[in-house]
Amino acid sequence: MTGAGGVTVVTIVHGRHDHLRGQRWGLERQERLPDEHVVVAMGDPVIGDVLEGTPGPPVHLVDVPLREGRLPLAAARNAGVAAAAARGAGVVVLLDVDCIPGPRLVGCYAAALESRRSATRPAVACGVVRYLDAATTALPDEQRTWRALEQGSAPHAARPAPPPGTVRVGHDPLLFWSLSFAVTPTTWERVGGFDEGYLGYGGEDTDFGQRVAAADGTFLWLGGATAYHQHHGTSGLPVQHVRDIVENGARFAARWGWWPMRGWLDAFEDLGLVAADGDGGFVLTRAAHGRVGRR
């Protein structure tokens with residue numbers, strides 16, 4: 001159990017076991033070691049076996065079942081943060097299973113949020129994510145180095161990437177993403193966590209960004225809190241998630257008055273998988289229902 005005010009990393013996972021092992025490799029090598037690693041298994045009963053004997057901080061395992069056969073990403077994150085807070089965490093770092101934390105990630109997140117304990121506005125800290133190529137992702141543990149990860153990766157062009165040691169304060173909720181970020185339990189409670197009505201892929205993190213803004217929160221973009229996103233070959237148009245994206249988009253629009261993920265939805269429309277509903281939104285077509293039925 002984390003001591004009062006400690007730092008806990010939360011990871012939600014379904015499959016991608018090699019990526020989880022890579023993440024554990026990075027957690028073991030942090031300049032500031034996390035006190036605990038809460039791993040939330042979404043309908044994946046073998047995660048305990050995968051983690052057995054891996055290096056890194058102590059693990060606390062949480063099980064969250066699938067819902068309607070889909071990944072409950074929002075509910076899993078909520079369960080992870082609730083477990084971390086109940087076990088004494090003062091800072092919670094949420095890191096997708098695809099991400100290997102750079103050596104200063106935990107320390108940068110902790111320092112940024114610990115320095116704001118007296119602040120009245122909620123703050124969400126966000127680090128730089130660099131995308132690894134396939135060859136670097138596949139390096140075995142004995143060949144993986146920080147230098148190799150840096151040379152075999154590139155930052156996302158559309159996200160802030162401040163230099164190491166700097167903090168850039170931002171207010172644009174559309175820049176938030178859930179790959180790598182950190183909060184205090186107090187901020188999480190004030191924002192309300194993730195909306196568990198989102199099921200499957202897409203929309204829940206955009207909704208969370210809007211919730212932060214609605215709570216008068218700020219985003220802290222941290223230089224040095226780098227995560228390396230492991231390659232998994234699924235970066236194209238996510239047609240396999242068209243149902244999730246339409247249903248989650250409609251839920252988002254009902255709350256915030258506009259549709260997110262428009263780039264994907266417009267591409268789905270070009271493919272005949274969705275159609276305009278005549279009211280500014282989208283519905284699945286017969287072609288999409290046939291695709292969903294074959295999943």
# chains A, B, ... in the order shown; residues from 1 in each chain; ligands from 1
>>> residues_around(residues="segment 61-66 of chain A", least_positions_apart="2", cutoff="6 Å", atoms="only C-alpha atoms", output="list in words")
Val38, Val39, Val40, Ala41, Met42, Gly43, Gly69, Arg70 and Leu71 of chain A
>>> write_last_selection(atoms="C-alpha atoms", output="mmCIF file, in the first residue's frame")
data_model
loop_
_atom_site.group_PDB
_atom_site.id
_atom_site.type_symbol
_atom_site.label_atom_id
_atom_site.label_comp_id
_atom_site.auth_asym_id
_atom_site.auth_seq_id
_atom_site.Cartn_x
_atom_site.Cartn_y
_atom_site.Cartn_z
ATOM 1 C CA VAL A 38 -2.232 -0.330 -9.940
ATOM 2 C CA VAL A 39 -3.002 -2.498 -12.964
ATOM 3 C CA VAL A 40 -6.645 -2.691 -14.032
ATOM 4 C CA ALA A 41 -7.372 -5.803 -16.100
ATOM 5 C CA MET A 42 -10.365 -5.352 -18.386
ATOM 6 C CA GLY A 43 -11.731 -8.826 -18.999
ATOM 7 C CA GLY A 69 -18.456 -7.273 -24.908
ATOM 8 C CA ARG A 70 -16.679 -3.913 -25.132
ATOM 9 C CA LEU A 71 -13.768 -2.405 -23.257
#
>>> residues_around(residues="segment 115-131 of chain A", least_positions_apart="4", cutoff="6 Å", atoms="only C-alpha atoms", output="VMD selection string")
chain A and resid 153 to 155 161 181 to 183 187 217 to 222 225 to 229
>>> write_last_selection(atoms="N, CA and C atoms", output="mmCIF file, in the first residue's frame")
data_model
loop_
_atom_site.group_PDB
_atom_site.id
_atom_site.type_symbol
_atom_site.label_atom_id
_atom_site.label_comp_id
_atom_site.auth_asym_id
_atom_site.auth_seq_id
_atom_site.Cartn_x
_atom_site.Cartn_y
_atom_site.Cartn_z
ATOM 1 N N SER A 153 12.224 7.292 -31.956
ATOM 2 C CA SER A 153 10.887 7.828 -31.720
ATOM 3 C C SER A 153 10.793 9.266 -32.209
ATOM 4 N N ALA A 154 9.558 9.734 -32.316
ATOM 5 C CA ALA A 154 9.303 11.119 -32.712
ATOM 6 C C ALA A 154 8.070 11.609 -31.966
ATOM 7 N N PRO A 155 8.027 12.902 -31.603
ATOM 8 C CA PRO A 155 6.865 13.421 -30.877
ATOM 9 C C PRO A 155 5.659 13.597 -31.788
ATOM 10 N N ALA A 161 5.187 20.236 -26.792
ATOM 11 C CA ALA A 161 6.392 19.490 -26.413
ATOM 12 C C ALA A 161 7.410 20.468 -25.837
ATOM 13 N N PHE A 181 -0.956 11.095 -18.304
ATOM 14 C CA PHE A 181 -1.286 12.308 -17.556
ATOM 15 C C PHE A 181 -1.305 11.981 -16.069
ATOM 16 N N ALA A 182 -1.380 13.018 -15.251
ATOM 17 C CA ALA A 182 -1.345 12.819 -13.806
ATOM 18 C C ALA A 182 -2.264 13.810 -13.120
ATOM 19 N N VAL A 183 -2.836 13.388 -12.006
ATOM 20 C CA VAL A 183 -3.746 14.211 -11.223
ATOM 21 C C VAL A 183 -3.537 13.910 -9.748
ATOM 22 N N THR A 187 -8.244 16.687 -7.384
ATOM 23 C CA THR A 187 -8.636 17.143 -8.722
ATOM 24 C C THR A 187 -9.566 16.138 -9.383
ATOM 25 N N GLY A 217 -10.480 24.152 -14.604
ATOM 26 C CA GLY A 217 -9.166 23.555 -14.428
ATOM 27 C C GLY A 217 -8.165 24.025 -15.461
ATOM 28 N N THR A 218 -6.908 23.709 -15.232
ATOM 29 C CA THR A 218 -5.822 24.037 -16.147
ATOM 30 C C THR A 218 -5.074 22.763 -16.523
ATOM 31 N N PHE A 219 -4.343 22.855 -17.621
ATOM 32 C CA PHE A 219 -3.501 21.754 -18.083
ATOM 33 C C PHE A 219 -2.050 22.197 -17.986
ATOM 34 N N LEU A 220 -1.238 21.371 -17.384
ATOM 35 C CA LEU A 220 0.186 21.658 -17.235
ATOM 36 C C LEU A 220 0.960 20.740 -18.167
ATOM 37 N N TRP A 221 1.548 21.316 -19.212
ATOM 38 C CA TRP A 221 2.351 20.528 -20.152
ATOM 39 C C TRP A 221 3.789 20.518 -19.671
ATOM 40 N N LEU A 222 4.292 19.325 -19.370
ATOM 41 C CA LEU A 222 5.578 19.184 -18.696
ATOM 42 C C LEU A 222 6.668 18.731 -19.653
ATOM 43 N N ALA A 225 8.621 14.890 -18.718
ATOM 44 C CA ALA A 225 7.731 13.766 -18.373
ATOM 45 C C ALA A 225 7.404 13.011 -19.662
ATOM 46 N N THR A 226 8.424 12.404 -20.248
ATOM 47 C CA THR A 226 8.294 11.784 -21.572
ATOM 48 C C THR A 226 7.868 10.331 -21.454
ATOM 49 N N ALA A 227 6.924 9.940 -22.295
ATOM 50 C CA ALA A 227 6.542 8.543 -22.446
ATOM 51 C C ALA A 227 6.809 8.122 -23.885
ATOM 52 N N TYR A 228 7.220 6.870 -24.057
ATOM 53 C CA TYR A 228 7.523 6.332 -25.377
ATOM 54 C C TYR A 228 6.423 5.338 -25.751
ATOM 55 N N HIS A 229 5.634 5.704 -26.755
ATOM 56 C CA HIS A 229 4.493 4.898 -27.170
ATOM 57 C C HIS A 229 4.968 3.754 -28.055
#
>>> residues_around(residues="segment 272-288 of chain A", least_positions_apart="3", cutoff="9 Å", atoms="only C-alpha atoms", output="ChimeraX atom specification")
/A:239,242-243,246-247,249-250,253,258-259,265-269,291-293
>>> residues_around(residues="segment 188-192 of chain A", least_positions_apart="4", cutoff="7 Å", atoms="only C-alpha atoms", output="short mmCIF file (atom, residue, chain, number, x, y, z; two decimals) with N, CA and C atoms, in the first residue's frame")
data_model
loop_
_atom_site.label_atom_id
_atom_site.label_comp_id
_atom_site.auth_asym_id
_atom_site.auth_seq_id
_atom_site.Cartn_x
_atom_site.Cartn_y
_atom_site.Cartn_z
N VAL A 183 -2.84 13.39 -12.01
CA VAL A 183 -3.75 14.21 -11.22
C VAL A 183 -3.54 13.91 -9.75
N THR A 184 -4.09 14.77 -8.90
CA THR A 184 -4.25 14.43 -7.50
C THR A 184 -5.65 13.86 -7.32
N ARG A 211 -14.61 18.23 -19.20
CA ARG A 211 -14.95 18.26 -17.78
C ARG A 211 -13.93 19.07 -16.98
N VAL A 212 -12.65 18.94 -17.33
CA VAL A 212 -11.62 19.73 -16.67
C VAL A 212 -11.87 21.22 -16.90
N ALA A 215 -14.72 22.59 -14.95
CA ALA A 215 -14.40 22.74 -13.53
C ALA A 215 -13.38 23.85 -13.28
#
>>> select_by_dssp(residues="segment 43-182 of chain A", states="alpha helix (DSSP H)", output="JSON, numbers by chain")
{"A": [47, 48, 49, 50, 51, 73, 74, 75, 76, 77, 78, 79, 80, 81, 82, 83, 84, 85, 86, 105, 106, 107, 108, 109, 110, 111, 112, 113, 114, 134, 135, 136, 137, 146, 147, 148, 149, 150, 151]}
>>> closest_atom_pairs(of="segment 36-132 of chain A", to="segment 9-13 of chain A", cutoff="9 Å", atoms="only C-alpha atoms", output="JSON lines")
{"residue": "A:Glu36", "atom": "CA", "partner": "A:Val9", "partner_atom": "CA", "distance": 6.5}
{"residue": "A:His37", "atom": "CA", "partner": "A:Val9", "partner_atom": "CA", "distance": 4.8}
{"residue": "A:Val38", "atom": "CA", "partner": "A:Val10", "partner_atom": "CA", "distance": 4.7}
{"residue": "A:Val39", "atom": "CA", "partner": "A:Thr11", "partner_atom": "CA", "distance": 4.9}
{"residue": "A:Val40", "atom": "CA", "partner": "A:Ile12", "partner_atom": "CA", "distance": 4.6}
{"residue": "A:Ala41", "atom": "CA", "partner": "A:Val13", "partner_atom": "CA", "distance": 5.2}
{"residue": "A:Met42", "atom": "CA", "partner": "A:Val13", "partner_atom": "CA", "distance": 6.0}
{"residue": "A:Gly43", "atom": "CA", "partner": "A:Val13", "partner_atom": "CA", "distance": 8.8}
{"residue": "A:Asp44", "atom": "CA", "partner": "A:Val13", "partner_atom": "CA", "distance": 7.8}
{"residue": "A:Ile47", "atom": "CA", "partner": "A:Val13", "partner_atom": "CA", "distance": 8.3}
{"residue": "A:Leu73", "atom": "CA", "partner": "A:Ile12", "partner_atom": "CA", "distance": 7.5}
{"residue": "A:Ala76", "atom": "CA", "partner": "A:Ile12", "partner_atom": "CA", "distance": 6.3}
{"residue": "A:Arg77", "atom": "CA", "partner": "A:Ile12", "partner_atom": "CA", "distance": 6.6}
{"residue": "A:Gly80", "atom": "CA", "partner": "A:Val10", "partner_atom": "CA", "distance": 5.8}
{"residue": "A:Val81", "atom": "CA", "partner": "A:Val10", "partner_atom": "CA", "distance": 6.9}
{"residue": "A:Ala84", "atom": "CA", "partner": "A:Val10", "partner_atom": "CA", "distance": 7.6}
{"residue": "A:Val91", "atom": "CA", "partner": "A:Val9", "partner_atom": "CA", "distance": 8.6}
{"residue": "A:Val92", "atom": "CA", "partner": "A:Val9", "partner_atom": "CA", "distance": 5.8}
{"residue": "A:Val93", "atom": "CA", "partner": "A:Val9", "partner_atom": "CA", "distance": 4.6}
{"residue": "A:Leu94", "atom": "CA", "partner": "A:Val10", "partner_atom": "CA", "distance": 4.8}
{"residue": "A:Leu95", "atom": "CA", "partner": "A:Thr11", "partner_atom": "CA", "distance": 5.4}
{"residue": "A:Asp96", "atom": "CA", "partner": "A:Thr11", "partner_atom": "CA", "distance": 5.6}
{"residue": "A:Val97", "atom": "CA", "partner": "A:Thr11", "partner_atom": "CA", "distance": 5.9}
{"residue": "A:Val106", "atom": "CA", "partner": "A:Val9", "partner_atom": "CA", "distance": 8.2}
>>> residues_around(residues="Leu199 of chain A", least_positions_apart="2", cutoff="8 Å", atoms="only C-alpha atoms", output="PyMOL selection string")
chain A and resi 67+70-74+196-197+201+244+248
>>> write_last_selection(atoms="N, CA and C atoms", output="mmCIF file, in the first residue's frame")
data_model
loop_
_atom_site.group_PDB
_atom_site.id
_atom_site.type_symbol
_atom_site.label_atom_id
_atom_site.label_comp_id
_atom_site.auth_asym_id
_atom_site.auth_seq_id
_atom_site.Cartn_x
_atom_site.Cartn_y
_atom_site.Cartn_z
ATOM 1 N N ARG A 67 -18.038 -4.834 -20.732
ATOM 2 C CA ARG A 67 -19.446 -4.444 -20.714
ATOM 3 C C ARG A 67 -20.000 -4.551 -22.115
ATOM 4 N N ARG A 70 -17.564 -5.015 -24.750
ATOM 5 C CA ARG A 70 -16.679 -3.913 -25.132
ATOM 6 C C ARG A 70 -15.814 -3.485 -23.957
ATOM 7 N N LEU A 71 -14.702 -2.830 -24.290
ATOM 8 C CA LEU A 71 -13.768 -2.405 -23.257
ATOM 9 C C LEU A 71 -14.332 -1.202 -22.491
ATOM 10 N N PRO A 72 -14.428 -1.303 -21.174
ATOM 11 C CA PRO A 72 -14.928 -0.189 -20.360
ATOM 12 C C PRO A 72 -13.783 0.743 -19.959
ATOM 13 N N LEU A 73 -13.227 1.467 -20.920
ATOM 14 C CA LEU A 73 -12.027 2.271 -20.668
ATOM 15 C C LEU A 73 -12.265 3.306 -19.572
ATOM 16 N N ALA A 74 -13.401 3.986 -19.632
ATOM 17 C CA ALA A 74 -13.695 5.020 -18.638
ATOM 18 C C ALA A 74 -13.848 4.401 -17.256
ATOM 19 N N GLU A 196 -18.610 6.950 -17.274
ATOM 20 C CA GLU A 196 -18.644 5.513 -17.541
ATOM 21 C C GLU A 196 -19.713 5.120 -18.549
ATOM 22 N N GLY A 197 -20.487 6.100 -19.017
ATOM 23 C CA GLY A 197 -21.432 5.815 -20.085
ATOM 24 C C GLY A 197 -20.778 5.608 -21.433
ATOM 25 N N TYR A 201 -14.244 2.293 -27.794
ATOM 26 C CA TYR A 201 -13.160 3.157 -28.249
ATOM 27 C C TYR A 201 -13.663 4.535 -28.635
ATOM 28 N N ASP A 244 -18.625 2.025 -31.803
ATOM 29 C CA ASP A 244 -18.265 2.744 -30.586
ATOM 30 C C ASP A 244 -18.161 4.242 -30.843
ATOM 31 N N ASN A 248 -20.506 6.784 -28.959
ATOM 32 C CA ASN A 248 -19.844 7.681 -28.016
ATOM 33 C C ASN A 248 -19.891 9.126 -28.495
#
>>> closest_residue(among="A:Phe208, A:Asp35, A:Ile100, A:Val46", to="Arg144 of chain A", atoms="only C-alpha atoms")
A:Ile100
>>> residues_around(residues="Gly223 of chain A", least_positions_apart="4", cutoff="10 Å", atoms="only C-alpha atoms", output="NGL selection string")
:A and (104-105 or 108-109 or 126-128 or 160-168)
>>> closest_residue(among="A:Thr136, A:Gly170, A:Gly224, A:Pro55", to="Glu31 of chain A", atoms="only C-alpha atoms")
A:Gly224
>>> atom_distance(atom1="atom CA of Gly5 of chain A", atom2="atom CA of Gly88 of chain A")
6.4 Å
>>> atom_distance(atom1="atom CA of Leu132 of chain A", atom2="atom CA of Arg29 of chain A")
18.3 Å
